[in-house]
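As provided, work_28.cif (mmCIF, C-alpha atoms) reads as follows.
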```cif
data_target
#
loop_
_atom_site.label_atom_id
_atom_site.label_comp_id
_atom_site.auth_asym_id
_atom_site.auth_seq_id
_atom_site.Cartn_x
_atom_site.Cartn_y
_atom_site.Cartn_z
CA MET A 19 -68.58 -22.65 -6.16
CA SER A 20 -67.36 -21.73 -2.72
CA TYR A 21 -67.33 -23.42 0.64
CA PRO A 22 -70.65 -23.34 2.52
CA ASP A 23 -71.08 -21.10 5.52
CA PRO A 24 -69.60 -22.62 8.69
CA LYS A 25 -71.96 -24.70 10.80
CA TYR A 26 -69.48 -25.36 13.58
CA LEU A 27 -68.30 -22.15 15.17
CA GLY A 28 -66.15 -23.51 18.00
CA GLU A 29 -62.42 -22.88 18.24
CA THR A 30 -61.04 -26.29 19.28
CA GLY A 31 -63.10 -28.89 17.44
CA GLU A 32 -65.07 -31.65 19.14
CA VAL A 33 -65.19 -35.39 19.46
CA SER A 34 -68.15 -36.28 17.26
CA ALA A 35 -67.01 -38.84 14.67
CA VAL A 36 -69.07 -42.04 14.30
CA TYR A 37 -67.25 -45.31 13.61
CA ARG A 38 -68.97 -48.34 12.12
CA PRO A 39 -66.93 -51.55 11.99
CA ALA A 40 -67.21 -53.72 8.88
CA SER A 41 -68.51 -56.52 11.12
CA THR A 42 -71.75 -54.59 11.83
CA PRO A 43 -74.63 -56.65 10.39
CA PRO A 44 -76.76 -55.00 7.70
CA GLU A 45 -79.96 -53.32 8.87
CA LEU A 46 -82.01 -54.65 5.97
CA VAL A 47 -81.87 -58.32 5.01
CA ARG A 48 -84.34 -59.45 2.38
CA SER A 49 -83.36 -62.01 -0.21
CA PRO A 50 -81.82 -61.39 -2.68
CA VAL A 51 -80.55 -58.08 -1.20
CA SER A 52 -79.19 -56.71 2.04
CA ALA A 53 -78.40 -53.11 2.90
CA ALA A 54 -76.11 -51.61 5.50
CA TYR A 55 -77.22 -48.14 6.54
CA LEU A 56 -73.73 -46.63 6.78
CA ALA A 57 -74.93 -43.04 7.20
CA THR A 58 -78.58 -42.01 7.10
CA GLY A 59 -80.01 -38.58 6.52
CA ALA A 60 -80.93 -38.56 10.21
CA SER A 61 -77.34 -39.31 11.29
CA THR A 62 -75.80 -36.71 8.91
CA ASN A 63 -78.20 -33.86 9.71
CA GLY A 64 -79.76 -34.29 6.28
CA GLN A 65 -76.52 -33.80 4.36
CA PHE A 66 -76.44 -37.23 2.71
CA GLY A 67 -77.37 -40.90 3.04
CA LEU A 68 -74.84 -43.66 2.31
CA TYR A 69 -75.81 -47.31 1.96
CA ARG A 70 -73.92 -50.49 1.12
CA TRP A 71 -76.25 -52.44 -1.18
CA ASN A 72 -75.43 -56.16 -1.47
CA MET A 73 -77.15 -58.24 -4.13
CA GLY A 74 -77.25 -62.00 -4.36
CA PRO A 75 -76.92 -63.86 -7.66
CA GLU A 76 -80.65 -63.68 -8.41
CA PRO A 77 -81.66 -60.83 -10.76
CA SER A 78 -82.70 -57.74 -8.79
CA GLY A 79 -82.88 -53.97 -9.07
CA PRO A 80 -85.35 -51.22 -9.96
CA SER A 81 -86.62 -50.20 -13.39
CA PRO A 82 -85.76 -46.76 -14.83
CA HIS A 83 -86.93 -43.91 -12.62
CA PHE A 84 -85.91 -40.46 -11.39
CA HIS A 85 -86.01 -38.33 -8.26
CA ARG A 86 -86.95 -34.66 -8.16
CA GLY A 87 -85.33 -33.66 -4.89
CA ILE A 88 -82.27 -35.89 -4.46
CA SER A 89 -79.24 -36.91 -6.45
CA GLU A 90 -78.04 -40.50 -6.39
CA SER A 91 -74.56 -41.91 -6.89
CA PHE A 92 -73.41 -45.51 -7.35
CA PHE A 93 -69.92 -46.87 -6.67
CA ILE A 94 -69.40 -50.54 -7.51
CA LEU A 95 -67.41 -52.42 -4.87
CA SER A 96 -67.49 -55.94 -6.29
CA GLY A 97 -69.21 -58.04 -8.90
CA THR A 98 -70.97 -56.71 -11.98
CA VAL A 99 -73.94 -54.35 -11.80
CA ARG A 100 -75.79 -53.08 -14.85
CA LEU A 101 -76.17 -49.30 -14.50
CA TYR A 102 -78.60 -47.29 -16.63
CA ASP A 103 -77.80 -43.61 -17.25
CA GLY A 104 -81.04 -42.73 -19.04
CA GLU A 105 -79.70 -43.69 -22.48
CA ARG A 106 -77.79 -46.95 -22.18
CA TRP A 107 -77.02 -49.83 -19.85
CA THR A 108 -73.37 -50.34 -18.84
CA GLU A 109 -71.84 -53.45 -17.25
CA ALA A 110 -70.15 -51.76 -14.27
CA THR A 111 -67.53 -53.53 -12.15
CA GLY A 112 -65.42 -52.76 -9.08
CA GLY A 113 -64.30 -49.12 -9.03
CA ASP A 114 -66.88 -47.89 -11.58
CA PHE A 115 -68.99 -44.87 -10.58
CA LEU A 116 -72.22 -43.25 -11.78
CA TYR A 117 -73.57 -39.88 -10.58
CA VAL A 118 -77.22 -39.04 -11.28
CA PRO A 119 -78.36 -35.46 -10.58
CA GLU A 120 -81.92 -34.58 -9.61
CA GLY A 121 -84.25 -35.47 -12.48
CA GLY A 122 -81.78 -37.88 -14.07
CA VAL A 123 -83.31 -41.15 -15.29
CA HIS A 124 -81.43 -44.14 -13.92
CA ALA A 125 -81.71 -47.78 -12.86
CA PHE A 126 -79.51 -50.64 -11.71
CA ARG A 127 -79.70 -54.41 -11.93
CA ASN A 128 -77.61 -57.38 -10.98
CA GLU A 129 -78.17 -59.91 -13.74
CA SER A 130 -74.70 -61.48 -13.59
CA GLY A 131 -75.66 -64.64 -11.70
CA GLU A 132 -72.99 -63.72 -9.12
CA ASP A 133 -73.03 -61.65 -5.93
CA ALA A 134 -72.46 -57.91 -6.33
CA SER A 135 -72.01 -55.02 -3.91
CA MET A 136 -72.11 -51.25 -4.30
CA LEU A 137 -72.35 -48.03 -2.37
CA ILE A 138 -75.40 -45.83 -2.98
CA LEU A 139 -75.17 -42.17 -1.96
CA PHE A 140 -78.21 -39.88 -1.78
CA ALA A 141 -77.81 -36.13 -1.36
CA PRO A 142 -79.33 -34.50 0.47
CA GLY A 143 -80.03 -37.20 3.01
CA ALA A 144 -83.67 -38.06 2.44
CA PRO A 145 -85.21 -40.77 4.65
CA ARG A 146 -84.70 -43.68 2.25
CA GLU A 147 -84.83 -46.40 4.92
CA PRO A 148 -88.67 -46.53 5.03
CA TYR A 149 -88.69 -46.80 1.23
CA PHE A 150 -86.31 -49.79 1.29
CA GLU A 151 -88.09 -51.45 4.21
CA ASP A 152 -91.65 -50.99 2.93
CA LEU A 153 -91.11 -52.18 -0.66
CA PRO A 154 -92.47 -55.67 0.16
CA THR A 155 -95.80 -54.13 1.21
CA LEU A 156 -96.45 -52.77 -2.29
CA ALA A 157 -98.07 -56.01 -3.45
CA GLY A 158 -100.90 -55.51 -0.96
CA MET A 159 -101.50 -51.85 -1.87
CA SER A 160 -104.11 -50.41 -4.20
CA GLU A 161 -102.92 -48.44 -7.25
CA GLU A 162 -103.74 -45.21 -5.38
CA GLU A 163 -101.75 -46.31 -2.31
CA ARG A 164 -98.77 -47.28 -4.48
CA ALA A 165 -98.87 -43.90 -6.25
CA GLU A 166 -98.89 -42.12 -2.88
CA PHE A 167 -96.02 -44.31 -1.62
CA TYR A 168 -93.83 -43.45 -4.61
CA LEU A 169 -94.73 -39.75 -4.40
CA ARG A 170 -93.88 -39.70 -0.68
CA HIS A 171 -90.51 -41.28 -1.48
CA ASP A 172 -89.65 -39.02 -4.46
CA THR A 173 -89.65 -41.92 -6.95
CA PHE A 174 -91.08 -41.39 -10.42
CA TRP A 175 -91.13 -44.34 -12.86
CA VAL A 176 -90.45 -43.79 -16.53
#
```

Write-out of the structure in structure tokens:
Amino acid sequence: MSYPDPKYLGETGEVSAVYRPASTPPELVRSPVSAAYLATGASTNGQFGLYRWNMGPEPSGPSPHFHRGISESFFILSGTVRLYDGERWTEATGGDFLYVPEGGVHAFRNESGEDASMLILFAPGAPREPYFEDLPTLAGMSEEERAEFYLRHDTFWV
């Protein structure tokens, strides 16, 4: 593998970094989770999306699924999160990491009874924010509408 072709062709560099203080409130707050949109696909020119996913002590997390067009990575910051790699569940704690390439079956759950926090990285940077924000509307959707929602958001349940 080699470096990609240059996208910036200037000679002196530019001031373009984006700083986000830790005190910035999360964009999504919905018990028992909150999510801080650290870097969205829109803010990274589609290169990646990075989210801090905070889970309360109540059990939460998706069932096994896969994505066709994006990879997903999980880095546990604190607490215990059960990570599924398509074959087995692992009790992951601070510093543990799971990479899931396109097509890889995966899931995560906080069943510890304690708070947990992790980073979720999607590459390339698909627009995951509408998926996260619209999940509560699924209950009011027909089966056909739910199927279209999941297809639109590259989520395929196993």

_Expansion of the PyMOL selection byres ((chain A and resi 77) around 6) into residues, as a list of chain:residue names_ =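 Selected by the PyMOL selection byres ((chain A and resi 77) around 6) here: A:Glu76, A:Ser78, A:Asn128, A:Glu129.
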
*Got a sec: who's within 10 Å of range 57-59 of chain A, counting only C-alpha atoms, leaving out chain neighbours fewer than 4 positions off, as a PyMOL selection string?*
chain A and resi 36+38+63-70+139-147

*Please evaluate the PyMOL selection byres ((chain A and resi 92) around 9) against the displayed coordinates and give the resulting residues as a PyMOL selection string.*
chain A and resi 90-91+93-94+101+114-118+136-139

*Between A:Ala40, A:Val176, A:Ala35, A:Leu46, single out the one closest to Ser61 in chain A, counting all atoms listed in the file.*
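With all atoms listed in the file as the atom set, the closest residue is A:Ala35.
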
Can you report as lines of an AutoDock Vina configuration file the centre and edge lengths in Å, to one decimal, of an axis-aligned box around the listed atoms of range 120-138 of chain A padded with 3 Å on each side?
```
center_x = -78.1
center_y = -49.6
center_z = -8.8
size_x = 18.2
size_y = 36.1
size_z = 18.9
```

*For this file, the PyMOL selection byres ((chain A and resi 102) around 10) selects which residues, as a PyMOL selection string?*
chain A and resi 81-83+99-101+103-110+116+118+123-127

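Nearest residue to Gly122 in chain A among A:Gly87, A:Pro154, A:Pro148, A:Gly97 is A:Gly87, counting only C-alpha atoms.
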
*Atomic separation - CA of Ala54 in chain A relative to CA of Trp71 in chain A, Å*: 6.7 Å

*Could you check how far CA of Gly28 in chain A sits from CA of Leu56 in chain A, in Å to one decimal?*
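Here the two named atoms are 26.8 Å from each other.
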
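Distance check against Gly79 in chain A using all atoms listed in the file: of A:Leu156, A:Ala134, A:Leu95, A:Leu27, the minimum falls on A:Ala134.
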
*Using all atoms listed in the file, which residues sit within 10 Å of Phe150 in chain A once same-chain residues fewer than 6 positions away are excluded, as a ChimeraX atom specification?*
/A:46,48,52-53,171

*All residues 12 Å or closer to Tyr168 in chain A, only C-alpha atoms, same chain fewer than 2 positions away omitted, as a list in words*: His83, Phe84, His85, Arg86, Arg146, Pro148, Tyr149, Phe150, Asp152, Leu153, Leu156, Met159, Glu161, Glu162, Glu163, Arg164, Ala165, Glu166, Arg170, His171, Asp172, Thr173, Phe174 and Trp175 of chain A

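Candidate residues A:Ala157, A:Val51, A:Met73, A:Val33 were compared for distance to Ser135 in chain A, and the nearest is A:Met73, using all atoms listed in the file.
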
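The smallest atom-to-atom distance between Pro43 in chain A and any of A:Glu120, A:Tyr55, A:Lys25, A:Pro75, using only C-alpha atoms, is found for A:Tyr55.
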
*CA of Ala60 in chain A to CA of Ser34 in chain A, straight-line distance in Å*: 14.8 Å
